[in-house]
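Report on the structure given below.
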There are 2 protein chains.
Amino acid sequence: MKVAFIGMGTMGAPMAMHILKAGFPLVVHNRTREREKPLAEKGAVRAASPREAATGADVVVTCVSDTPDVRAILLGEDGVLYGIETGAVVVDMSTISPAATREIAAAFSEKGVHMVDAPVSGGSEGAQKGTLSIMVGGDAEQVQRVRPVLETMGKTITHIGPVGSGQLAKAINQIVIAGVYWGVAEGVALGLKAGLDMEKVVQALSGGAAGSWVMDNRSNNMIENHYPLGFRLQLHRKDLVIGLEAARELGVTLPVSALVEQAESGLIGRGYGDEDISAVARALREASGIE
Amino acid sequence: MKVAFIGMGTMGAPMAMHILKAGFPLVVHNRTREREKPLAEKGAVRAASPREAATGADVVVTCVSDTPDVRAILLGEDGVLYGIETGAVVVDMSTISPAATREIAAAFSEKGVHMVDAPVSGGSEGAQKGTLSIMVGGDAEQVQRVRPVLETMGKTITHIGPVGSGQLAKAINQIVIAGVYWGVAEGVALGLKAGLDMEKVVQALSGGAAGSWVMDNRSNNMIENHYPLGFRLQLHRKDLVIGLEAARELGVTLPVSALVEQAESGLIGRGYGDEDISAVARALREASGIE
């Protein structure tokens, strides 16, 4: 099975490396061509455009930043659509709009090409280690077909439903994360203002109904007011906007996601967008006059 | 060490039973006297009033519903204050206002009586099994003194800081819980409206950064729209109001806690107060037209 991988970013480069190491013939492309080199040194073939990368591939994987990038790579000038052959499958592992995913899938469908959406969680560490959680949307047969490729990159691969479902699941992930981070941040803010030893409070709370991955792994950032990466706050804001747009289309009320998105937008405006998402605690610390 | 226990409710009765079984001489009192009987059958002595229960006790434990009840039992007519002897210690295991706790402690302090606040989490199941998490505020020496009694009821006993700190930690617990339940409920609402198989989504998400006790144990209630107890929504609302009042006194901004408290108040008004707190999902399901 010949694989093409487009997008050699923080996530894409190590993901492509896992595919290569698993023994799949691999063609790579990146807008900044320089970034193809580490993969080429390990045996990947470089392609000058998405179109060229897609030509002759059985599976074309994309992993880039946002909906417009995915559209450009897949449907734009010299895009995948103009090189890919009937019967091949596109696997988009970016986090983008579920509605855009369905539109793009329809464009490929006209050419007899299948599309699978397969956004990931687990961050750059998960990408490096090949332990990502991959949420997959698409036709069951096609998902089965690309599973061996996905398995090189992820520990948990969950087929959620039809095309777009993977993106919806990822949006839900970010919506839940918004509530959990913010809830922990509110608790931390009250405790700090009251002068409590917050490490003891976290210790008392973490085993019970208030417990979460965020409490165990990120409450300390909020207590220390220091937010090393982690997961960039501005990337979470981008993903949360995707969730809010999906909610708008579907007619769903998400007041806390909206509140957190607005708080994040304020923080990004003040230069905190490259901090870890636990920096949402800054908004509450500052609003409450906590030094 | 002679122990008196006041409040034989859903929580208090099994907690007192643990103290009795551990071999401490125990005097019990409850406003509805009938409820003292199961303890008396196991060897506890019944007292006609909080004052009588406190007379001759080394440790007086209270576990009732709310701040006014605690005030009445401790400081009211025939209250503990009028029976307790200098050098004894009051341990309030109710969930009440941290500020009221400090006021009550001051009243006892004038009589040379110490106060320790020791609210619990873990629910009726934790009370039955003696596996509660107990958050303790008070003088370190007094906390050490009553620890053998607390250890009969709890698995985790954390001394947070001075008197009132246990109540603040409990308030923080409920604030964090508000954010986590609501965040999970927003994610579930989007997924249900989009027609996703939410069990698969929960499976994909629960191992990652969105993971929590609520996701693992209560998302299914929200998906099924069925909310068996659990922890009563109206009790969470009561506790959350304590947190919001503490925030008001300290000057802390807790927008999501305020939002959840208001949503819970609407649900209580519509007759859902005796459901599990996961019923907060009703507010989002209904606002979003999810059947």
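Identifiers in this document derive from the order of the structure tokens: chains are assigned A, B, ..., residues are numbered from 1 separately in each chain, and ligands are numbered from 1 in order of occurrence.
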
Closest-contact table, region 146-225 of chain A side, partner region 17-40 of chain A, 7 Å, counting only C-alpha atoms, as a Markdown table:
| residue | atom | partner | partner_atom | distance |
| --- | --- | --- | --- | --- |
| A:Val149 | CA | A:Ile19 | CA | 6.4 |
| A:Thr152 | CA | A:His18 | CA | 5.7 |
| A:Met153 | CA | A:His18 | CA | 6.0 |

> Between A:Gly273, A:Pro98, A:Gly187, A:Gly266, which has the minimum distance to chain B (counting only C-alpha atoms)?
Replying inline: A:Gly187

>> So that I can see what lies close to Leu244 (chain A), please list as a list of chain:residue names the residues with an atom at most 12 Å from it, counting only C-alpha atoms and leaving out residues fewer than 5 positions away in the same chain.
In response: A:Ser97, A:Pro98, A:Leu168, A:Ala171, A:Ile172, A:Gln174, A:Ile175, A:Ala178, A:Arg237, A:Lys238, A:Asp239, A:Glu249, A:Leu250, A:Gly251, A:Val252, A:Thr253, A:Leu254, A:Pro255, A:Val256, A:Ser257, A:Ala258, A:Leu259, A:Val260, A:Glu261, A:Gln262, B:Glu186, B:Gly187, B:Leu190

>> Among region 207-274 of chain B, which residues does DSSP mark as helix (DSSP H, G or I) when it is run on the backbone? Keep the chain and numbering as in the structure and answer as a ChimeraX atom specification.
In response: /B:213-224,233-250,255-269
